[in-house]
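Undergrad: File query_18.txt below, compact mmCIF, C-alpha atoms:
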# COMPACT_ATOMS: atom_id res chain seq x y z
CA MET Y 1 -0.68 -37.66 -2.89
CA GLN Y 2 -0.55 -34.04 -1.71
CA VAL Y 3 -2.96 -33.33 1.13
CA ALA Y 4 -4.62 -29.91 1.26
CA ARG Y 5 -3.74 -28.03 4.42
CA SER Y 6 -6.35 -26.37 6.62
CA ILE Y 7 -6.76 -22.63 6.06
CA VAL Y 8 -6.95 -20.16 8.96
CA GLY Y 9 -7.66 -16.43 8.86
CA ILE Y 10 -6.77 -14.20 11.82
CA ASP Y 11 -7.80 -10.58 12.36
CA VAL Y 12 -5.55 -8.92 14.93
CA ALA Y 13 -6.21 -6.28 17.56
CA LYS Y 14 -4.10 -5.24 20.52
CA ALA Y 15 -6.22 -7.15 23.03
CA GLU Y 16 -7.65 -10.04 21.01
CA LEU Y 17 -7.45 -12.26 17.95
CA VAL Y 18 -10.51 -13.10 15.90
CA ILE Y 19 -9.97 -16.43 14.15
CA HIS Y 20 -11.84 -18.03 11.23
CA PHE Y 21 -11.25 -21.76 10.90
CA GLN Y 22 -13.34 -24.50 9.26
CA GLY Y 23 -16.36 -22.25 8.92
CA GLN Y 24 -16.31 -21.19 12.56
CA THR Y 25 -15.21 -17.94 14.21
CA LEU Y 26 -13.76 -17.66 17.68
CA THR Y 27 -12.05 -14.93 19.70
CA ILE Y 28 -9.10 -15.39 22.01
CA GLU Y 29 -6.89 -13.02 24.00
CA ASN Y 30 -3.83 -11.74 22.19
CA THR Y 31 -1.42 -13.11 24.79
CA PRO Y 32 1.26 -15.81 24.42
CA LYS Y 33 -0.52 -18.03 26.94
CA ALA Y 34 -3.87 -17.94 25.13
CA ILE Y 35 -2.21 -18.33 21.73
CA LYS Y 36 -0.28 -21.42 22.85
CA VAL Y 37 -3.47 -23.04 24.15
CA TRP Y 38 -5.26 -22.36 20.85
CA LEU Y 39 -2.37 -23.64 18.74
CA LYS Y 40 -2.58 -27.02 20.51
CA SER Y 41 -6.05 -27.44 19.01
CA LEU Y 42 -4.87 -26.99 15.41
CA PRO Y 43 -3.81 -29.78 13.07
CA CYS Y 44 -0.28 -29.23 11.84
CA PRO Y 45 0.67 -27.84 9.49
CA CYS Y 46 -2.04 -25.29 8.77
CA GLU Y 47 -1.79 -22.32 6.43
CA ILE Y 48 -2.50 -19.12 8.33
CA ALA Y 49 -3.30 -15.71 6.81
CA ILE Y 50 -2.96 -12.76 9.14
CA GLU Y 51 -3.26 -9.04 8.52
CA ALA Y 52 -0.14 -7.00 9.22
CA THR Y 53 -0.34 -4.61 12.15
CA GLY Y 54 2.33 -2.54 13.87
CA THR Y 55 3.56 -5.21 16.29
CA TYR Y 56 0.38 -6.84 17.61
CA HIS Y 57 0.56 -9.74 15.13
CA MET Y 58 4.12 -10.72 15.98
CA ALA Y 59 3.40 -13.03 18.92
CA VAL Y 60 0.94 -15.22 17.05
CA ILE Y 61 3.01 -15.55 13.88
CA GLU Y 62 6.20 -16.38 15.76
CA LEU Y 63 4.50 -18.96 17.97
CA ALA Y 64 2.59 -20.49 15.04
CA HIS Y 65 5.71 -20.63 12.89
CA ALA Y 66 7.60 -22.37 15.69
CA LYS Y 67 4.86 -25.03 15.71
CA GLY Y 68 5.41 -25.70 12.00
CA HIS Y 69 2.48 -23.76 10.52
CA HIS Y 70 2.86 -21.82 7.28
CA ILE Y 71 2.29 -18.08 7.79
CA TYR Y 72 1.22 -15.46 5.26
CA VAL Y 73 1.20 -11.84 6.43
CA ILE Y 74 -1.24 -9.79 4.32
CA ASP Y 75 -0.79 -6.06 3.84
CA ALA Y 76 -3.83 -4.03 4.95
CA SER Y 77 -4.11 -2.17 1.64
CA ARG Y 78 -4.02 -5.45 -0.27
CA LEU Y 79 -6.78 -6.87 1.89
CA SER Y 80 -8.86 -3.72 1.44
CA SER Y 81 -8.56 -3.98 -2.35
CA TYR Y 82 -9.48 -7.65 -2.19
CA ARG Y 83 -12.56 -6.83 -0.12
CA LYS Y 84 -13.73 -4.35 -2.74
CA GLY Y 85 -13.02 -6.84 -5.51
CA THR Y 86 -15.21 -9.47 -3.89
CA GLY Y 87 -18.05 -7.00 -3.39
CA GLY Y 88 -17.73 -7.07 0.37
CA ARG Y 89 -19.63 -4.30 2.14
CA ALA Y 90 -19.17 -5.14 5.78
CA LYS Y 91 -15.93 -4.65 7.64
CA THR Y 92 -15.91 -6.33 11.01
CA ASP Y 93 -13.26 -8.35 12.79
CA ALA Y 94 -15.12 -11.56 11.98
CA SER Y 95 -15.62 -10.69 8.31
CA ASP Y 96 -11.96 -9.71 7.98
CA ALA Y 97 -10.84 -13.03 9.48
CA GLN Y 98 -13.03 -14.87 6.99
CA LEU Y 99 -11.79 -12.68 4.13
CA LEU Y 100 -8.17 -13.40 5.05
CA ALA Y 101 -8.81 -17.13 4.90
CA ARG Y 102 -10.54 -16.74 1.53
CA HIS Y 103 -7.72 -14.59 0.18
CA LEU Y 104 -5.12 -17.18 1.14
CA GLN Y 105 -7.12 -20.04 -0.29
CA ARG Y 106 -7.61 -18.37 -3.68
CA GLU Y 107 -4.51 -16.22 -4.09
CA LYS Y 108 -1.84 -18.34 -2.44
CA GLU Y 109 0.34 -18.55 -5.55
CA ASP Y 110 0.83 -14.78 -5.48
CA LEU Y 111 1.63 -14.63 -1.77
CA ARG Y 112 4.99 -15.01 -0.09
CA ARG Y 113 5.30 -17.21 2.95
CA TRP Y 114 6.61 -15.45 6.06
CA SER Y 115 9.94 -16.44 7.53
CA PRO Y 116 11.54 -15.12 10.72
CA PRO Y 117 13.81 -12.13 10.11
CA PRO Y 118 17.40 -12.07 11.40
CA LYS Y 119 17.76 -10.86 14.97
CA ALA Y 120 19.64 -7.75 13.80
CA TYR Y 121 16.72 -6.81 11.53
CA ARG Y 122 14.23 -6.86 14.38
CA THR Y 123 16.54 -4.91 16.70
CA LEU Y 124 17.36 -2.23 14.12
CA GLN Y 125 13.72 -1.86 13.13
CA THR Y 126 12.59 -1.49 16.73
CA LEU Y 127 15.29 1.04 17.60
CA LEU Y 128 14.66 3.13 14.48
CA ARG Y 129 10.92 3.19 15.14
CA ARG Y 130 11.40 4.09 18.79
CA ARG Y 131 13.75 6.89 17.83
CA ALA Y 132 11.26 8.21 15.26
CA ALA Y 133 8.55 8.31 17.94
CA LEU Y 134 10.94 10.06 20.32
CA ILE Y 135 11.89 12.76 17.81
CA LYS Y 136 8.24 13.31 16.88
CA ALA Y 137 7.37 13.75 20.56
CA ARG Y 138 10.25 16.19 21.02
CA THR Y 139 9.04 18.30 18.11
CA MET Y 140 5.47 18.37 19.42
CA ILE Y 141 6.62 19.35 22.91
CA GLN Y 142 8.83 22.15 21.61
CA GLN Y 143 6.07 23.52 19.41
CA SER Y 144 3.48 23.31 22.16
CA LEU Y 145 5.50 24.68 25.08
CA GLY Y 146 8.22 26.72 23.42
CA GLY Y 147 6.34 29.99 23.78
CA GLU Y 148 5.67 29.69 27.52
CA LYS Y 149 8.34 31.69 29.35
CA ILE Y 150 7.44 30.27 32.76
CA LEU Y 151 8.18 26.76 31.43
CA LYS Y 152 11.42 27.65 29.69
CA ALA Y 153 13.78 26.17 32.29
CA SER Y 154 11.76 22.97 32.74
CA LEU Y 155 11.39 22.57 29.00
CA LYS Y 156 15.13 22.89 28.53
CA LYS Y 157 15.75 20.09 31.05
CA LEU Y 158 13.17 17.88 29.38
CA ILE Y 159 14.67 18.40 25.93
CA LEU Y 160 18.12 17.58 27.30
CA GLN Y 161 16.74 14.31 28.69
CA ILE Y 162 15.13 13.48 25.36
CA ASN Y 163 18.37 14.24 23.55
CA SER Y 164 20.25 11.98 25.96
CA LEU Y 165 17.79 9.18 25.20
CA ASP Y 166 18.26 9.80 21.48
CA THR Y 167 22.03 9.50 21.94
CA LEU Y 168 21.54 6.21 23.80
CA ILE Y 169 19.33 4.80 21.05
CA GLN Y 170 21.90 5.72 18.41
CA LYS Y 171 24.61 4.00 20.48
CA HIS Y 172 22.52 0.83 20.57
CA LEU Y 173 22.09 1.09 16.80
CA ARG Y 174 25.87 1.29 16.31
CA ASP Y 175 26.41 -1.61 18.69
CA THR Y 176 23.83 -3.76 16.89
CA VAL Y 177 25.46 -3.09 13.52
CA ARG Y 178 28.92 -3.91 14.85
CA GLU Y 179 27.86 -7.09 16.68
CA ALA Y 180 26.00 -8.35 13.61
CA GLY Y 181 29.02 -7.81 11.37
CA LEU Y 182 27.23 -5.19 9.27
CA SER Y 183 29.63 -2.28 9.63
CA ASP Y 184 31.03 -2.70 6.10
CA GLN Y 185 27.54 -2.60 4.60
CA VAL Y 186 26.73 0.54 6.56
CA GLN Y 187 29.91 2.22 5.31
CA ARG Y 188 29.02 1.33 1.72
CA CYS Y 189 25.68 3.07 2.08
CA LYS Y 190 27.15 6.06 3.90
CA ALA Y 191 29.43 6.71 0.93
CA LEU Y 192 26.34 7.82 -1.01
CA GLU Y 193 25.62 11.52 -1.15
CA GLY Y 194 23.08 12.54 1.50
CA VAL Y 195 23.13 9.21 3.35
CA GLY Y 196 24.07 9.45 7.01
CA ASP Y 197 24.21 6.91 9.81
CA LEU Y 198 20.47 6.53 10.38
CA THR Y 199 19.60 6.17 6.69
CA ALA Y 200 22.42 3.67 6.25
CA TYR Y 201 21.11 1.62 9.20
CA ALA Y 202 17.64 1.63 7.62
CA LEU Y 203 18.94 0.52 4.21
CA VAL Y 204 21.02 -2.29 5.70
CA MET Y 205 18.07 -3.34 7.87
CA ALA Y 206 15.79 -3.59 4.83
CA PHE Y 207 18.43 -5.50 2.84
CA LEU Y 208 18.59 -8.09 5.62
CA ARG Y 209 14.91 -8.98 5.27
CA GLY Y 210 15.00 -11.01 2.11
CA ASP Y 211 16.86 -12.34 -0.91
CA PHE Y 212 15.68 -9.66 -3.32
CA ARG Y 213 15.83 -10.64 -6.99
CA ASN Y 214 16.80 -7.16 -8.15
CA SER Y 215 16.67 -3.49 -7.23
CA ASP Y 216 13.03 -3.26 -8.36
CA ALA Y 217 12.06 -5.79 -5.71
CA PHE Y 218 14.05 -3.85 -3.10
CA VAL Y 219 12.36 -0.58 -4.07
CA ALA Y 220 8.96 -2.28 -3.87
CA PHE Y 221 9.77 -3.71 -0.43
CA LEU Y 222 10.45 -0.17 0.78
CA GLY Y 223 7.10 1.01 -0.61
CA MET Y 224 8.77 3.41 -3.03
CA ASP Y 225 7.39 1.82 -6.18
CA VAL Y 226 4.63 3.60 -8.07
CA HIS Y 227 1.01 2.47 -8.21
CA VAL Y 228 -0.20 2.90 -11.79
CA LYS Y 229 -3.89 3.44 -12.45
CA ASP Y 230 -4.49 3.88 -16.19
CA SER Y 231 -7.55 3.02 -18.24
CA GLY Y 232 -7.86 3.42 -22.00
CA THR Y 233 -6.61 6.87 -22.95
CA ARG Y 234 -6.88 8.11 -19.38
CA THR Y 235 -3.69 8.34 -17.39
CA GLY Y 236 -4.32 8.10 -13.68
CA LYS Y 237 -2.41 9.85 -10.95
CA ARG Y 238 0.77 8.09 -9.89
CA LYS Y 239 1.18 7.40 -6.19
CA LEU Y 240 3.70 5.52 -4.10
CA THR Y 241 2.43 2.21 -2.79
CA LYS Y 242 3.89 3.14 0.63
CA LYS Y 243 4.18 -0.47 1.73
CA GLY Y 244 6.84 -1.45 4.19
CA ASP Y 245 8.53 0.67 6.84
CA SER Y 246 7.43 4.32 6.85
CA GLU Y 247 10.43 5.49 8.90
CA THR Y 248 12.83 4.13 6.28
CA ARG Y 249 10.98 6.07 3.56
CA ARG Y 250 11.15 9.25 5.67
CA LEU Y 251 14.89 8.85 6.15
CA LEU Y 252 15.42 8.24 2.43
CA TYR Y 253 13.41 11.34 1.56
CA CYS Y 254 15.60 13.37 3.93
CA ALA Y 255 18.68 11.81 2.32
CA ALA Y 256 17.43 12.93 -1.09
CA MET Y 257 16.96 16.47 0.24
CA ALA Y 258 20.61 16.51 1.25
CA ALA Y 259 21.85 14.76 -1.91
CA ARG Y 260 20.17 17.31 -4.22
CA LYS Y 261 22.73 19.89 -3.05
CA SER Y 262 25.72 17.72 -3.97
CA ALA Y 263 27.74 18.21 -7.14
CA ARG Y 264 26.65 14.86 -8.48
CA TRP Y 265 22.90 15.19 -8.02
CA ALA Y 266 22.20 18.94 -8.21
CA GLY Y 267 21.95 18.90 -12.00
CA VAL Y 268 19.79 15.78 -12.03
CA TYR Y 269 17.41 17.26 -9.48
CA GLN Y 270 17.16 20.53 -11.39
CA GLY Y 271 16.53 18.58 -14.57
CA TYR Y 272 13.43 17.02 -13.02
CA LEU Y 273 12.17 20.44 -11.97
CA ASP Y 274 12.78 21.81 -15.48
CA ARG Y 275 10.61 19.00 -16.85
CA GLY Y 276 7.74 20.28 -14.74
CA LEU Y 277 7.89 17.84 -11.86
CA ALA Y 278 7.04 19.08 -8.38
CA LYS Y 279 9.83 19.23 -5.79
CA THR Y 280 8.36 16.28 -3.90
CA GLN Y 281 8.22 14.16 -7.06
CA ALA Y 282 11.82 15.02 -7.92
CA LEU Y 283 13.00 14.15 -4.42
CA VAL Y 284 11.19 10.80 -4.46
CA ILE Y 285 12.81 9.91 -7.79
CA LEU Y 286 16.19 10.91 -6.41
CA ALA Y 287 15.57 8.82 -3.28
CA ARG Y 288 14.78 5.81 -5.49
CA LYS Y 289 18.06 6.29 -7.33
CA LEU Y 290 19.92 6.27 -4.02
CA VAL Y 291 18.09 3.07 -3.04
CA ARG Y 292 19.06 1.32 -6.29
CA ILE Y 293 22.71 2.28 -5.92
CA ALA Y 294 22.74 1.19 -2.27
CA PHE Y 295 21.19 -2.14 -3.25
CA ALA Y 296 23.89 -2.75 -5.87
CA LEU Y 297 26.63 -1.86 -3.40
CA MET Y 298 25.28 -4.23 -0.74
CA LYS Y 299 24.43 -7.01 -3.17
CA ASN Y 300 27.86 -7.00 -4.82
CA ARG Y 301 29.75 -5.86 -1.71
CA THR Y 302 31.54 -3.18 -3.69
CA SER Y 303 32.61 0.34 -2.88
CA TYR Y 304 30.84 3.40 -4.20
CA ALA Y 305 32.50 4.82 -7.32
CA PRO Y 306 30.45 7.83 -8.46
CA SER Y 307 30.08 8.29 -12.19
CA SER Y 308 28.03 10.84 -14.07
CA ALA Y 309 24.49 10.74 -12.73
CA ALA Y 310 21.67 9.65 -15.04
Please re-express this file's structure in structure tokens.
TA:
Amino acid sequence: MQVARSIVGIDVAKAELVIHFQGQTLTIENTPKAIKVWLKSLPCPCEIAIEATGTYHMAVIELAHAKGHHIYVIDASRLSSYRKGTGGRAKTDASDAQLLARHLQREKEDLRRWSPPPKAYRTLQTLLRRRAALIKARTMIQQSLGGEKILKASLKKLILQINSLDTLIQKHLRDTVREAGLSDQVQRCKALEGVGDLTAYALVMAFLRGDFRNSDAFVAFLGMDVHVKDSGTRTGKRKLTKKGDSETRRLLYCAAMAARKSARWAGVYQGYLDRGLAKTQALVILARKLVRIAFALMKNRTSYAPSSAA
């Protein structure tokens, strides 16, 4: 006889975890020590629903998974839609923890259980995100201080230091790819028009995360699938779901901007514009095409053989 597992909902903040379990709510510090103490009080295995955050949820899910609990990481937008669907008006840490538990209990069949990613995935993701933050900071500093003549010399030194750090991060990215045996996959992606080192790293990183059924699933994982909102004869505005890693989407958009100038994709891109699509829409479609081709290359471990674009 199958025994129902206990359901736990956890709302995450940087400093604390708010936990809903067996009708009770408690708050603990978001530290490994406090989490380990709390986990000792749980029956095993439990089913734990936790809202995705940047990195603040990682400690609890890794420690809970190591103890044999089943983890379900819920996207924030999905939880928000579920809240509206249940008629929820309040949004507090406690109510979110309770809502997470309810969502898992009732929608489990549509949820995917979390599993630890490969080490290379975590390293590549961290390095790419850190580099994105570094480049954003560099741009802000240049825009803010670039016009001050008295700071010109100091600003130049600072930018050189930032560029040196960028070079170091990119070296670590190359080393991670080589040590993980992923160099061939990176080269397959780099063969695509517009795809450079960083975009190739991001594509390979995403491909590592799961056994995707097809290219549609890979596109959806990257948050580049379209949210359709139609009703009757009314056609709603199409928007990207934007789930998954935002830096990967940014890199793919930049890749599409470069690919549109290539002999293979220039005509395709112009064709979208001639149909009345905005430049951004055309670039997103082109980026999706690059993603689908990259997926096929990595899945089948084949080399890129350009044919006429469609």
Undergrad: To one decimal place, how far is CA of Ile150 in chain Y from CA of Ser164 in chain Y in Å?
TA: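 Spanning CA of Ile150 in chain Y to CA of Ser164 in chain Y is a straight-line distance of 23.3 Å.
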Undergrad: Near Lys243 in chain Y, within 7 Å and counting only C-alpha atoms, which residues show up once chain neighbours fewer than 4 positions away are dropped, as a PDB file with C-alpha atoms, in the coordinates of the input?
TA:
ATOM      1  CA  PHE Y 221       9.770  -3.710  -0.430  1.00  0.00           C
ATOM      2  CA  LEU Y 222      10.450  -0.170   0.780  1.00  0.00           C
ATOM      3  CA  GLY Y 223       7.100   1.010  -0.610  1.00  0.00           C
TER       4      GLY Y 223
END
Undergrad: Give me the residues of range 208-294 of chain Y that have any atom at most 6 Å from an atom of range 172-194 of chain Y; for each, the nearest atom pair and the distance in Å, rounded to one decimal. Use all atoms listed in the file, sort by chain and number, and format it as a tab-separated table.
TA:
residue	atom	partner	partner_atom	distance
Y:Ala255	CA	Y:Gly194	CA	4.5
Y:Ala258	CA	Y:Gly194	CA	4.7
Y:Ala259	CA	Y:Gly194	CA	4.3
Y:Ala294	CA	Y:Cys189	CA	5.6
Undergrad: Please identify all polymer residues within 9 Å of Glu62 in chain Y, counting all atoms listed in the file, omitting same-chain residues fewer than 5 positions from it, and present them as number ranges by chain.
TA: Y: 57, 67, 116
Undergrad: Compute the distance from (-5.7, -10.9, 25.1) to each atom, counting only C-alpha atoms, keep the residues with any atom at most 6 Å away, and return them as a list in words; use the coordinates of the file.
TA: Ala15, Glu16, Glu29, Asn30 and Thr31 of chain Y
Undergrad: Can you measure CA of Leu203 in chain Y to CA of Leu252 in chain Y for me? One decimal in Å is fine.
TA: 8.7 Å
Undergrad: Rank nothing, just name the residue among Y:Ala97, Y:Ala132, Y:Ile141, Y:Leu63 nearest to Val12 in chain Y, using all atoms listed in the file.
TA: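 Of all the options, Y:Ala97 lies closest to Val12 in chain Y.
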Undergrad: Could you please determine the separation between CA of Gly85 in chain Y and CA of Ile19 in chain Y in Å, to one decimal place?
TA: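 One can read the CA of Gly85 in chain Y to CA of Ile19 in chain Y distance as 22.1 Å.
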Undergrad: Can you list, as a PyMOL selection string, every protein, DNA or RNA residue that comes within 12 Å of Glu47 in chain Y when you count only C-alpha atoms, leaving out same-chain residues fewer than 2 positions away?
TA: chain Y and resi 4-10+20-21+42-45+49-50+61+64-65+67-73+100-105+108+111-114
Undergrad: Kindly provide, as a ChimeraX atom specification, the polymer residues lying within 12 Å of (11.8, -3.7, 13.5), counting only C-alpha atoms and using the coordinates exactly as they appear in the file.
TA: /Y:54-55,58,116-131,173,201-202,205-206,208-209,244-248
